file entry.cif (mmCIF, C-alpha atoms)
data_start
#
loop_
_atom_site.label_atom_id
_atom_site.label_comp_id
_atom_site.auth_asym_id
_atom_site.auth_seq_id
_atom_site.Cartn_x
_atom_site.Cartn_y
_atom_site.Cartn_z
CA MET A 1 -20.77 -26.77 -5.91
CA LYS A 2 -22.96 -29.62 -4.68
CA ASN A 3 -20.36 -31.58 -2.75
CA SER A 4 -17.40 -29.51 -1.66
CA GLU A 5 -16.44 -31.71 1.30
CA PRO A 6 -13.65 -33.60 -0.58
CA LEU A 7 -12.11 -30.23 -1.42
CA LEU A 8 -12.06 -28.95 2.17
CA PRO A 9 -8.52 -30.27 2.91
CA PHE A 10 -7.29 -28.49 -0.23
CA TYR A 11 -9.00 -25.25 0.76
CA GLU A 12 -7.54 -25.51 4.24
CA PHE A 13 -4.03 -26.16 2.90
CA ILE A 14 -4.28 -23.19 0.51
CA ALA A 15 -5.54 -20.82 3.20
CA THR A 16 -2.81 -21.93 5.60
CA ASN A 17 0.14 -21.80 3.24
CA VAL A 18 -0.65 -19.04 0.77
CA SER A 19 1.79 -16.08 0.91
CA VAL A 20 -1.09 -13.59 1.24
CA GLY A 21 -2.68 -12.78 4.60
CA ILE A 22 -6.33 -13.80 4.85
CA HIS A 23 -8.73 -12.39 7.45
CA ALA A 24 -12.47 -13.07 7.34
CA VAL A 25 -15.07 -11.68 9.76
CA ASP A 26 -18.78 -12.08 10.28
CA LEU A 27 -21.31 -9.23 10.45
CA SER A 28 -20.30 -8.33 14.01
CA GLY A 29 -16.59 -8.10 13.15
CA LYS A 30 -15.81 -11.42 14.85
CA THR A 31 -12.94 -13.31 13.21
CA ILE A 32 -13.83 -16.47 11.31
CA ILE A 33 -10.62 -17.09 9.33
CA TYR A 34 -7.13 -15.84 10.19
CA ASN A 35 -4.37 -17.62 8.30
CA THR A 36 -0.67 -18.18 9.03
CA LYS A 37 0.55 -15.31 6.86
CA MET A 38 -1.81 -12.84 8.54
CA LYS A 39 -0.50 -14.05 11.88
CA GLU A 40 3.05 -13.27 10.69
CA ILE A 41 1.99 -9.78 9.59
CA GLU A 42 -0.08 -8.77 12.61
CA GLY A 43 1.30 -10.97 15.39
CA PHE A 44 -2.00 -12.33 16.69
CA HIS A 45 -3.13 -15.93 17.17
CA PHE A 46 -6.60 -16.98 16.07
CA ASP A 47 -7.60 -17.69 19.68
CA GLU A 48 -6.90 -14.06 20.60
CA LEU A 49 -9.30 -12.84 17.93
CA ALA A 50 -12.01 -15.48 17.98
CA ASP A 51 -14.22 -13.85 20.61
CA ARG A 52 -13.44 -10.21 20.00
CA SER A 53 -14.32 -7.69 17.30
CA ILE A 54 -11.46 -6.38 15.19
CA ILE A 55 -12.24 -2.85 16.44
CA GLU A 56 -11.06 -3.92 19.90
CA MET A 57 -7.84 -5.38 18.55
CA PHE A 58 -6.35 -2.72 16.30
CA SER A 59 -5.44 0.91 16.77
CA PHE A 60 -7.10 2.28 13.62
CA ARG A 61 -10.62 3.60 13.90
CA GLN A 62 -13.68 1.92 12.45
CA HIS A 63 -13.84 4.15 9.35
CA GLU A 64 -10.20 3.28 8.56
CA SER A 65 -10.74 -0.50 8.62
CA THR A 66 -11.44 -1.83 5.15
CA LEU A 67 -13.12 -4.90 6.63
CA MET A 68 -15.55 -2.76 8.61
CA ARG A 69 -16.20 -0.42 5.68
CA VAL A 70 -17.02 -3.34 3.41
CA LEU A 71 -19.36 -4.76 6.05
CA GLN A 72 -21.16 -1.41 6.15
CA THR A 73 -21.32 -0.72 2.41
CA GLY A 74 -21.46 -4.22 0.94
CA LYS A 75 -19.01 -3.05 -1.75
CA LYS A 76 -15.56 -4.44 -2.46
CA GLU A 77 -12.42 -2.30 -1.99
CA ILE A 78 -9.39 -3.14 -4.12
CA ASN A 79 -5.72 -2.14 -3.68
CA VAL A 80 -6.18 -0.14 -0.48
CA LYS A 81 -3.00 0.71 1.41
CA GLN A 82 -3.30 0.49 5.19
CA THR A 83 -0.66 1.39 7.78
CA TYR A 84 -1.08 0.47 11.45
CA TRP A 85 0.72 -1.19 14.37
CA ASN A 86 0.64 -4.89 15.04
CA LYS A 87 0.51 -6.68 18.39
CA ASN A 88 4.28 -6.40 18.79
CA GLY A 89 4.25 -2.62 18.36
CA HIS A 90 5.77 -2.70 14.86
CA GLU A 91 4.43 -0.41 12.17
CA ILE A 92 3.21 -2.46 9.21
CA THR A 93 1.90 -1.50 5.79
CA THR A 94 -0.28 -3.74 3.66
CA ILE A 95 -2.11 -3.54 0.34
CA ASN A 96 -5.56 -5.02 0.87
CA ASP A 97 -8.28 -6.44 -1.37
CA THR A 98 -11.48 -6.70 0.66
CA PHE A 99 -14.72 -8.33 -0.50
CA PRO A 100 -18.25 -8.67 0.94
CA LEU A 101 -19.51 -12.25 1.31
CA PHE A 102 -23.09 -12.96 0.27
CA VAL A 103 -25.18 -16.11 0.62
CA GLU A 104 -28.42 -16.01 -1.35
CA ASN A 105 -28.06 -12.22 -1.68
CA LYS A 106 -27.69 -11.80 2.08
CA LEU A 107 -24.48 -10.26 3.45
CA ILE A 108 -22.86 -12.63 5.97
CA GLY A 109 -19.40 -11.11 6.40
CA ALA A 110 -16.28 -9.83 4.69
CA ILE A 111 -12.90 -11.28 3.73
CA GLU A 112 -9.63 -9.47 3.27
CA PHE A 113 -6.50 -10.49 1.37
CA ALA A 114 -3.44 -8.55 2.58
CA ARG A 115 -0.05 -8.24 0.87
CA ASP A 116 2.71 -7.14 3.22
CA ILE A 117 4.71 -4.25 1.71
CA THR A 118 6.35 -3.02 4.93
CA SER A 119 9.87 -3.67 3.64
CA LEU A 120 9.09 -1.97 0.32
CA GLU A 121 7.73 1.07 2.15
CA LYS A 122 10.94 1.39 4.14
CA LEU A 123 12.97 1.16 0.94
CA VAL A 124 10.88 3.84 -0.75
CA TYR A 125 10.70 6.25 2.17
CA GLN A 126 13.99 5.55 3.93
CA PRO A 127 16.44 4.70 1.14
CA LEU A 128 19.48 6.15 2.90
CA ARG A 129 20.75 2.98 4.55
CA ARG A 130 21.39 2.61 8.27
CA TYR A 131 23.97 -0.13 7.69
CA ASP A 132 22.51 -1.91 10.74
CA GLU A 133 24.36 0.33 13.18
CA PRO A 134 23.55 3.54 15.08
CA LEU A 135 24.00 6.60 12.90
CA THR A 136 26.04 9.25 14.68
CA PHE A 137 27.38 12.61 13.53
CA ASP A 138 30.80 11.02 13.02
CA MET A 139 29.29 8.87 10.28
CA ILE A 140 27.91 11.84 8.32
CA LYS A 141 30.65 12.88 5.92
CA ALA A 142 30.64 16.67 5.74
CA ALA A 143 33.33 18.47 3.75
CA SER A 144 31.30 21.59 2.93
CA ALA A 145 31.14 24.55 5.30
CA SER A 146 27.33 24.56 5.11
CA MET A 147 27.00 20.91 6.17
CA LYS A 148 29.58 21.33 8.92
CA GLN A 149 27.42 24.17 10.25
CA VAL A 150 24.36 21.91 10.12
CA ILE A 151 26.14 19.35 12.28
CA GLU A 152 27.34 22.00 14.74
CA ASP A 153 23.81 23.36 15.10
CA ALA A 154 22.42 19.85 15.48
CA LYS A 155 24.90 19.08 18.26
CA LYS A 156 23.75 22.21 20.10
CA ALA A 157 20.15 21.11 19.72
CA ALA A 158 20.99 17.70 21.20
CA ALA A 159 22.72 19.35 24.15
CA VAL A 160 19.83 21.63 25.14
CA LYS A 161 17.06 19.15 24.22
CA LEU A 162 14.79 21.80 22.72
CA PRO A 163 12.33 20.98 19.93
CA VAL A 164 14.04 21.11 16.53
CA LEU A 165 12.71 21.78 13.04
CA LEU A 166 14.72 20.34 10.14
CA ILE A 167 14.09 22.10 6.82
CA GLY A 168 15.16 20.59 3.51
CA GLU A 169 14.03 19.05 0.26
CA SER A 170 13.34 15.33 -0.11
CA GLY A 171 16.52 13.26 0.00
CA THR A 172 18.78 15.87 1.61
CA GLY A 173 19.34 13.71 4.68
CA LYS A 174 16.95 15.14 7.28
CA ASP A 175 16.48 11.65 8.69
CA LEU A 176 20.25 11.24 9.09
CA VAL A 177 20.57 14.51 10.99
CA ALA A 178 17.58 13.61 13.18
CA GLU A 179 19.12 10.27 14.11
CA GLY A 180 22.46 11.97 14.72
CA ILE A 181 20.74 14.35 17.16
CA HIS A 182 19.22 11.40 18.99
CA HIS A 183 22.52 9.55 19.42
CA ALA A 184 24.20 12.74 20.61
CA ALA A 185 21.51 13.14 23.27
CA SER A 186 20.77 9.52 24.24
CA PRO A 187 22.75 6.27 24.60
CA ASP A 188 19.66 4.19 23.81
CA SER A 189 19.72 3.32 20.11
CA GLU A 190 16.26 1.73 20.37
CA ALA A 191 14.64 4.95 21.59
CA PHE A 192 14.71 6.72 18.21
CA VAL A 193 11.27 6.59 16.60
CA THR A 194 10.36 7.96 13.18
CA LEU A 195 6.70 8.79 12.66
CA VAL A 196 6.13 9.03 8.91
CA SER A 197 3.48 11.65 8.18
CA ARG A 198 2.96 10.67 4.55
CA ARG A 199 1.23 7.50 5.70
CA SER A 200 -2.09 7.36 7.58
CA ALA A 201 -2.37 10.71 9.37
CA GLN A 202 -4.36 9.30 12.26
CA SER A 203 -1.78 6.55 12.70
CA VAL A 204 0.82 9.17 13.69
CA LEU A 205 -1.30 10.24 16.65
CA ASP A 206 -2.24 6.67 17.56
CA LYS A 207 1.37 5.50 17.55
CA LEU A 208 2.45 8.51 19.61
CA LYS A 209 -0.25 7.80 22.20
CA GLN A 210 0.85 4.17 22.38
CA LEU A 211 4.52 5.04 22.91
CA LEU A 212 3.79 7.72 25.48
CA GLU A 213 2.21 5.04 27.67
CA GLU A 214 5.66 3.50 28.03
CA ASP A 215 8.10 4.88 30.61
CA LYS A 216 10.89 5.54 28.12
CA ASP A 217 12.80 8.66 27.11
CA TYR A 218 12.07 8.56 23.40
CA THR A 219 13.31 10.78 20.60
CA PHE A 220 10.35 11.36 18.28
CA PHE A 221 11.12 12.36 14.70
CA PHE A 222 7.96 13.64 13.01
CA GLU A 223 8.97 13.29 9.38
CA ARG A 224 7.33 15.83 7.03
CA ILE A 225 4.72 17.35 9.33
CA ASP A 226 3.61 19.43 6.35
CA PHE A 227 2.01 16.27 4.94
CA LEU A 228 -0.44 16.15 7.85
CA SER A 229 -3.77 17.97 7.61
CA LEU A 230 -4.03 21.20 9.62
CA ASP A 231 -6.55 19.52 11.94
CA ILE A 232 -4.17 16.63 12.68
CA GLN A 233 -1.33 19.14 13.14
CA GLU A 234 -3.33 20.97 15.81
CA GLN A 235 -4.12 17.68 17.58
CA LEU A 236 -0.43 16.77 17.46
CA LEU A 237 0.51 20.17 18.90
CA ALA A 238 -1.88 19.71 21.82
CA MET A 239 -0.30 16.34 22.63
CA LEU A 240 3.25 17.68 22.41
CA GLN A 241 2.54 20.75 24.55
CA ALA A 242 1.29 18.48 27.34
CA LEU A 243 4.56 16.51 27.50
CA PRO A 244 7.26 17.05 30.16
CA GLN A 245 9.71 19.42 28.51
CA SER A 246 12.93 17.60 29.38
CA LYS A 247 11.82 13.96 29.02
CA TYR A 248 11.54 13.67 25.24
CA MET A 249 13.60 14.89 22.31
CA LEU A 250 11.16 16.25 19.71
CA ILE A 251 12.22 16.73 16.08
CA GLY A 252 10.03 17.73 13.17
CA SER A 253 10.82 18.20 9.48
CA VAL A 254 9.32 20.02 6.51
CA GLY A 255 10.17 19.79 2.82
CA SER A 256 10.38 23.48 1.93
CA ASP A 257 10.34 27.00 3.35
CA PRO A 258 7.98 26.91 6.37
CA ILE A 259 6.76 30.48 5.82
CA THR A 260 5.61 29.51 2.33
CA LEU A 261 3.99 26.36 3.71
CA ILE A 262 2.09 28.44 6.29
CA ALA A 263 0.92 30.84 3.57
CA GLU A 264 -0.26 27.89 1.49
CA LYS A 265 -2.12 26.50 4.53
CA LYS A 266 0.00 23.36 4.56
CA LEU A 267 1.64 24.05 7.91
CA SER A 268 0.10 25.20 11.18
CA LYS A 269 1.72 28.43 12.36
CA SER A 270 1.47 27.32 16.00
CA LEU A 271 3.04 23.91 15.27
CA TYR A 272 5.83 25.67 13.36
CA TYR A 273 6.53 27.96 16.34
CA PHE A 274 6.57 24.93 18.66
CA PHE A 275 9.21 23.07 16.65
CA ALA A 276 11.21 26.11 15.54
CA LYS A 277 12.85 26.70 18.91
CA MET A 278 15.82 25.64 16.81
CA ALA A 279 15.46 25.57 13.03
CA ILE A 280 18.16 23.88 10.94
CA THR A 281 18.14 24.14 7.15
CA ILE A 282 19.83 21.27 5.31
CA PRO A 283 21.11 22.49 1.92
CA ASN A 284 20.54 20.67 -1.35
CA LEU A 285 23.38 18.48 -2.58
CA THR A 286 23.91 20.70 -5.62
CA ASP A 287 24.74 23.57 -3.23
CA ARG A 288 27.37 21.53 -1.38
CA LYS A 289 29.07 19.47 -4.04
CA GLU A 290 32.17 19.16 -1.86
CA ASP A 291 30.21 16.46 0.01
CA ILE A 292 29.64 14.24 -3.04
CA LEU A 293 33.01 12.48 -3.30
CA PRO A 294 33.38 11.90 0.48
CA PHE A 295 29.90 10.36 0.47
CA VAL A 296 30.87 8.09 -2.44
CA GLU A 297 34.09 7.04 -0.70
CA ASP A 298 32.16 6.22 2.46
CA TYR A 299 29.58 4.24 0.47
CA PHE A 300 32.30 2.18 -1.24
CA SER A 301 34.04 1.54 2.08
CA ARG A 302 30.83 0.18 3.61
CA HIS A 303 30.10 -1.86 0.50
CA ARG A 304 33.53 -3.54 0.73
CA GLU A 305 33.00 -4.30 4.43
CA ARG A 306 29.53 -5.72 3.95
CA PHE A 307 29.88 -7.59 0.66
CA ALA A 308 33.66 -8.16 0.40
CA SER A 309 33.57 -6.36 -2.94
CA GLN A 310 36.50 -4.85 -4.83
CA VAL A 311 34.96 -1.46 -5.62
CA MET A 312 37.37 1.30 -4.63
CA GLU A 313 36.87 4.53 -6.56
CA LEU A 314 35.37 6.55 -9.38
CA ALA A 315 37.42 7.12 -12.51
CA PRO A 316 38.45 10.79 -12.96
CA ASP A 317 35.96 11.40 -15.78
CA VAL A 318 33.17 9.86 -13.69
CA GLN A 319 34.11 12.10 -10.76
CA GLU A 320 33.76 15.04 -13.13
CA LEU A 321 30.30 13.87 -14.21
CA PHE A 322 29.20 13.50 -10.59
CA LEU A 323 30.40 17.01 -9.78
CA GLN A 324 28.80 18.41 -12.93
CA TYR A 325 25.34 16.91 -12.30
CA ASP A 326 22.78 18.88 -10.25
CA TRP A 327 21.35 15.93 -8.23
CA PRO A 328 17.68 17.00 -8.02
CA GLY A 329 17.02 13.97 -5.81
CA ASN A 330 19.89 14.93 -3.47
CA LEU A 331 21.65 12.25 -1.37
CA LYS A 332 18.81 9.81 -1.96
CA GLU A 333 19.36 9.95 -5.70
CA LEU A 334 23.13 9.60 -5.30
CA GLU A 335 22.86 6.52 -3.13
CA LEU A 336 20.29 4.84 -5.36
CA LEU A 337 22.58 5.45 -8.32
CA LEU A 338 25.51 3.90 -6.45
CA ASP A 339 23.31 0.91 -5.59
CA GLU A 340 22.61 0.42 -9.27
CA ILE A 341 26.25 0.83 -10.30
CA VAL A 342 27.71 -1.66 -7.83
CA SER A 343 25.03 -4.23 -8.70
CA PHE A 344 26.65 -4.54 -12.14
CA MET A 345 30.23 -4.76 -10.88
CA THR A 346 31.99 -8.08 -10.33
CA THR A 347 35.79 -7.87 -10.19
CA GLU A 348 36.13 -4.20 -11.20
CA SER A 349 37.64 -1.87 -8.64
CA THR A 350 37.07 1.40 -10.50
CA VAL A 351 33.75 2.79 -11.71
CA THR A 352 34.40 3.77 -15.32
CA SER A 353 31.97 5.66 -17.56
CA ASP A 354 30.84 2.48 -19.36
CA LEU A 355 29.55 1.15 -16.01
CA LEU A 356 27.25 4.15 -15.52
CA PRO A 357 23.56 3.40 -16.15
CA LEU A 358 22.36 4.72 -19.47
CA HIS A 359 19.64 6.83 -17.89
CA PHE A 360 22.18 8.68 -15.72
CA ARG A 361 24.47 9.46 -18.64
CA PHE A 362 21.45 10.72 -20.54
CA LYS A 363 20.39 12.99 -17.67
CA VAL A 364 23.90 14.44 -17.36
CA GLN A 365 24.00 15.09 -21.09
CA GLN A 366 20.54 16.64 -21.10
CA GLN A 367 21.66 18.98 -18.34
CA ASN A 368 24.67 20.13 -20.34
CA THR A 369 22.80 22.04 -23.05
CA ASN A 370 25.97 23.64 -24.39
CA ASN A 371 27.62 20.38 -25.36
CA ARG A 372 25.05 17.77 -26.34
CA GLU A 373 26.20 14.81 -28.33
CA PRO A 374 23.44 12.38 -29.35
CA GLU A 375 25.84 9.45 -29.37
CA PHE A 376 26.31 9.92 -25.61
CA PHE A 377 22.88 8.39 -25.13
CA MET A 378 22.94 5.95 -28.04
CA PHE A 379 26.40 4.46 -27.64
CA GLN A 380 28.32 2.97 -24.77
CA GLN A 381 31.95 3.93 -24.63
CA ASN A 382 34.12 1.49 -26.61
CA HIS A 383 31.03 -0.56 -27.49
CA ASP A 384 28.88 -0.98 -30.58
CA VAL A 385 25.38 0.45 -30.93
CA MET A 386 23.02 -1.08 -28.36
CA PRO A 387 20.41 -3.52 -29.67
CA LEU A 388 17.06 -1.75 -29.97
CA ASP A 389 15.38 -4.04 -27.42
CA ALA A 390 18.12 -3.30 -24.86
CA TYR A 391 17.87 0.41 -25.58
CA LEU A 392 14.08 0.41 -25.11
CA ARG A 393 14.40 -1.54 -21.84
CA GLU A 394 16.87 1.04 -20.54
CA ALA A 395 14.60 3.91 -21.61
CA GLU A 396 11.54 2.29 -20.03
CA SER A 397 13.41 1.62 -16.78
CA TYR A 398 14.61 5.21 -16.66
CA TYR A 399 11.18 6.71 -17.33
CA VAL A 400 9.24 4.45 -14.96
CA GLN A 401 11.73 5.00 -12.13
CA ASN A 402 11.55 8.77 -12.53
CA VAL A 403 7.76 8.77 -12.48
CA LEU A 404 7.84 6.62 -9.32
CA ASN A 405 10.30 9.04 -7.74
CA LEU A 406 8.06 11.97 -8.72
CA TYR A 407 5.13 10.38 -6.86
CA GLU A 408 7.36 9.17 -3.97
CA GLY A 409 6.76 5.49 -4.68
CA ASN A 410 2.95 5.72 -4.80
CA ILE A 411 2.03 3.01 -7.33
CA THR A 412 -1.54 4.23 -7.81
CA LYS A 413 -0.58 7.82 -8.61
CA ALA A 414 2.31 6.74 -10.84
CA ALA A 415 0.06 4.33 -12.75
CA ASN A 416 -2.56 7.05 -13.28
CA ALA A 417 0.11 9.45 -14.55
CA LEU A 418 1.44 6.80 -16.94
CA GLY A 419 -2.06 5.99 -18.19
CA MET A 420 -1.99 2.34 -17.14
CA SER A 421 -3.46 0.09 -14.49
CA ARG A 422 -1.71 -0.62 -11.19
CA GLN A 423 -1.33 -4.25 -12.24
CA ASN A 424 0.33 -3.27 -15.51
CA LEU A 425 2.76 -0.94 -13.74
CA GLN A 426 3.57 -3.55 -11.09
CA TYR A 427 4.20 -6.10 -13.86
CA ARG A 428 6.60 -3.69 -15.59
CA ILE A 429 8.43 -2.97 -12.32
CA ARG A 430 8.87 -6.71 -11.69
CA LYS A 431 10.08 -7.15 -15.26
CA ILE A 432 12.64 -4.35 -14.84
CA LYS A 433 13.84 -5.82 -11.52
CA ASN A 434 14.13 -9.31 -12.98
CA SER A 435 16.15 -7.93 -15.88
CA THR A 436 18.45 -6.16 -13.43
CA HIS A 437 18.95 -9.31 -11.35
CA GLN A 438 19.78 -11.34 -14.46
CA LYS A 439 22.56 -8.88 -15.32
CA GLN A 440 24.15 -9.24 -11.90
#
call {"tool": "encode", "arguments": {"input": "entry.cif", "output": "structure tokens"}}
result
Amino acid sequence: MKNSEPLLPFYEFIATNVSVGIHAVDLSGKTIIYNTKMKEIEGFHFDELADRSIIEMFSFRQHESTLMRVLQTGKKEINVKQTYWNKNGHEITTINDTFPLFVENKLIGAIEFARDITSLEKLVYQPLRRYDEPLTFDMIKAASASMKQVIEDAKKAAAVKLPVLLIGESGTGKDLVAEGIHHAASPDSEAFVTLVSRRSAQSVLDKLKQLLEEDKDYTFFFERIDFLSLDIQEQLLAMLQALPQSKYMLIGSVGSDPITLIAEKKLSKSLYYFFAKMAITIPNLTDRKEDILPFVEDYFSRHRERFASQVMELAPDVQELFLQYDWPGNLKELELLLDEIVSFMTTESTVTSDLLPLHFRFKVQQQNTNNREPEFFMFQQNHDVMPLDAYLREAESYYVQNVLNLYEGNITKAANALGMSRQNLQYRIRKIKNSTHQKQ
């Protein structure tokens, strides 16, 4: 463009006000552009970055920085997820598109466009709500003998402050028990820190190092240590063994039998022995169905308090369905289902079978192989046949959500499994969400 000067105010306005973070650097890593949205994400001001390389400013290493990689390779990197800690010590997750900048075929720098997905990550990986208050053992509804034993053992662990290993499938509530242990051992609700191993492995060690520099008696919950590489596990063990024994509460979790994980070379035997001073196994929801209805009652109670809703109970036949279903996704699946149910309720106080999402009724019916009735999936109780478009939307929503659950919210893996692009899958997810909001 021969004369771009008249457009400069427009470019400046776009860069300042766009909802995507923009960070551009020159060949040395020095910041050239750093817009308002990027400031919101990372907490820095342009003046703090202007004279310093990004390697000095952030806790991830050079090979983990997409900007630095693009400077080195001269090749763009699209849809890269990056998790690190901003200036304020908050863990953030972004999806980045990073491009090399060339002038007359000469590389002069790189520019990154970052979409903040921190809130989405928390929803995907921590769906069991905290209700904005400390989660204590009193708040965990346990009617089953097995879950009561879990709480008793967890209270003992809090009292002696030994390392604890929580064993249980995804969604069983390991994070709830870990937080309960913390609040039984410490009055400081801000001192409970979850380090999520399924994100950047190096970031777990970096965040731990950062927090250990503070003079604070933290409880560290290392969520799913079996997701870390064996090398990172050994580095983590060395750091933990060097800590004062009584200063920190240390809790780890794994998603299945640790002996099997060790045999499969997914868990370090020495790290297992470190955490397993006390090992607590949290049973699957299908093995403690006595806890289902108390959990539902507690959910409805909190929903009434928070949203002034009228929802009170499940109809008897719905209770029977809940107790019949196997809940492969455990408490996480139950709560997400309740979220979906109450989003459709207005003045109703009782959850009747016609308010159950179609996909759930289908799954219950599929499970009951001795009494399958096709009309259970095709018809809504006391209603006519669903329009084909509505039926297909329900089926698509059900299938897409289950594939996302299978890949734990990873859009790239889910898209590959579905045989579509990330953009196509994201479009379909937005379409499903918009449809849900319109029904509310």
call {"tool": "resolve_selection", "arguments": {"input": "entry.cif", "expression": "the PyMOL selection byres ((chain A and resi 297) around 12)", "output": "list in words"}}
result
Ile140, Lys141, Asp291, Ile292, Leu293, Pro294, Phe295, Val296, Asp298, Tyr299, Phe300, Ser301, Arg302, His303, Arg304, Val311, Met312, Glu313, Leu314, Gln319, Glu335, Leu338, Thr350 and Val351 of chain A
call {"tool": "residues_around", "arguments": {"input": "entry.cif", "residues": "range 218-224 of chain A", "least_positions_apart": "6", "cutoff": "8 Å", "atoms": "all atoms listed in the file", "output": "number ranges by chain"}}
result
A: 175, 178, 182, 191-198, 247-255
call {"tool": "write_last_selection", "arguments": {"input": "entry.cif", "atoms": "C-alpha atoms", "output": "JSON list (two decimals), in the frame of the given file"}}
result
[["chain", "number", "residue", "atom", "x", "y", "z"],
["A", 175, "ASP", "CA", 16.48, 11.65, 8.69],
["A", 178, "ALA", "CA", 17.58, 13.61, 13.18],
["A", 182, "HIS", "CA", 19.22, 11.40, 18.99],
["A", 191, "ALA", "CA", 14.64, 4.95, 21.59],
["A", 192, "PHE", "CA", 14.71, 6.72, 18.21],
["A", 193, "VAL", "CA", 11.27, 6.59, 16.60],
["A", 194, "THR", "CA", 10.36, 7.96, 13.18],
["A", 195, "LEU", "CA", 6.70, 8.79, 12.66],
["A", 196, "VAL", "CA", 6.13, 9.03, 8.91],
["A", 197, "SER", "CA", 3.48, 11.65, 8.18],
["A", 198, "ARG", "CA", 2.96, 10.67, 4.55],
["A", 247, "LYS", "CA", 11.82, 13.96, 29.02],
["A", 248, "TYR", "CA", 11.54, 13.67, 25.24],
["A", 249, "MET", "CA", 13.60, 14.89, 22.31],
["A", 250, "LEU", "CA", 11.16, 16.25, 19.71],
["A", 251, "ILE", "CA", 12.22, 16.73, 16.08],
["A", 252, "GLY", "CA", 10.03, 17.73, 13.17],
["A", 253, "SER", "CA", 10.82, 18.20, 9.48],
["A", 254, "VAL", "CA", 9.32, 20.02, 6.51],
["A", 255, "GLY", "CA", 10.17, 19.79, 2.82]]
call {"tool": "resolve_selection", "arguments": {"input": "entry.cif", "expression": "the PyMOL selection byres ((chain A and resi 180) around 9)", "output": "PDB file with C-alpha atoms, keeping the file's coordinate frame"}}
result
ATOM      1  CA  PRO A 134      23.550   3.540  15.080  1.00  0.00           C
ATOM      2  CA  LEU A 135      24.000   6.600  12.900  1.00  0.00           C
ATOM      3  CA  THR A 136      26.040   9.250  14.680  1.00  0.00           C
ATOM      4  CA  PHE A 137      27.380  12.610  13.530  1.00  0.00           C
ATOM      5  CA  ASP A 138      30.800  11.020  13.020  1.00  0.00           C
ATOM      6  CA  MET A 139      29.290   8.870  10.280  1.00  0.00           C
ATOM      7  CA  ILE A 140      27.910  11.840   8.320  1.00  0.00           C
ATOM      8  CA  ILE A 151      26.140  19.350  12.280  1.00  0.00           C
ATOM      9  CA  ALA A 154      22.420  19.850  15.480  1.00  0.00           C
ATOM     10  CA  LYS A 155      24.900  19.080  18.260  1.00  0.00           C
ATOM     11  CA  ALA A 158      20.990  17.700  21.200  1.00  0.00           C
ATOM     12  CA  ASP A 175      16.480  11.650   8.690  1.00  0.00           C
ATOM     13  CA  LEU A 176      20.250  11.240   9.090  1.00  0.00           C
ATOM     14  CA  VAL A 177      20.570  14.510  10.990  1.00  0.00           C
ATOM     15  CA  ALA A 178      17.580  13.610  13.180  1.00  0.00           C
ATOM     16  CA  GLU A 179      19.120  10.270  14.110  1.00  0.00           C
ATOM     17  CA  ILE A 181      20.740  14.350  17.160  1.00  0.00           C
ATOM     18  CA  HIS A 182      19.220  11.400  18.990  1.00  0.00           C
ATOM     19  CA  HIS A 183      22.520   9.550  19.420  1.00  0.00           C
ATOM     20  CA  ALA A 184      24.200  12.740  20.610  1.00  0.00           C
ATOM     21  CA  ALA A 185      21.510  13.140  23.270  1.00  0.00           C
TER      22      ALA A 185
END
call {"tool": "residues_around", "arguments": {"input": "entry.cif", "residues": "range 417-419 of chain A", "least_positions_apart": "6", "cutoff": "12 Å", "atoms": "only C-alpha atoms", "output": "list in words"}}
result
Glu396, Tyr399, Val400, Gln401, Asn402, Val403, Leu404, Leu406, Tyr407, Asn410, Ile411, Leu425 and Arg428 of chain A
call {"tool": "resolve_selection", "arguments": {"input": "entry.cif", "expression": "the PyMOL selection byres ((chain A and resi 2-17) around 9)", "output": "list in words"}}
result
Met1, Val18, Ser19, Val20, Gly21, Ile22, Ile33, Tyr34, Asn35, Thr36 and Lys37 of chain A
call {"tool": "write_last_selection", "arguments": {"input": "entry.cif", "atoms": "C-alpha atoms", "output": "compact mmCIF listing (two decimals), keeping the file's coordinate frame"}}
result
# COMPACT_ATOMS: atom_id res chain seq x y z
CA MET A 1 -20.77 -26.77 -5.91
CA VAL A 18 -0.65 -19.04 0.77
CA SER A 19 1.79 -16.08 0.91
CA VAL A 20 -1.09 -13.59 1.24
CA GLY A 21 -2.68 -12.78 4.60
CA ILE A 22 -6.33 -13.80 4.85
CA ILE A 33 -10.62 -17.09 9.33
CA TYR A 34 -7.13 -15.84 10.19
CA ASN A 35 -4.37 -17.62 8.30
CA THR A 36 -0.67 -18.18 9.03
CA LYS A 37 0.55 -15.31 6.86
call {"tool": "residues_near_point", "arguments": {"input": "entry.cif", "point": "(33.4, 21.3, 2.3)", "cutoff": "9 Å", "atoms": "only C-alpha atoms", "output": "list in words"}}
result
Ala142, Ala143, Ser144, Ala145, Ser146, Met147, Lys148, Arg288, Lys289, Glu290 and Asp291 of chain A
call {"tool": "closest_residue", "arguments": {"input": "entry.cif", "among": "A:Asn330, A:Ser309, A:Gln324, A:Thr73", "to": "Glu348 in chain A", "atoms": "only C-alpha atoms"}}
result
A:Ser309
call {"tool": "residues_around", "arguments": {"input": "entry.cif", "residues": "range 92-94 of chain A", "least_positions_apart": "4", "cutoff": "6 Å", "atoms": "only C-alpha atoms", "output": "list in words"}}
result
Lys81, Gln82, Thr83, Tyr84, Trp85, Ala114, Arg115, Asp116, Ile117 and Thr118 of chain A
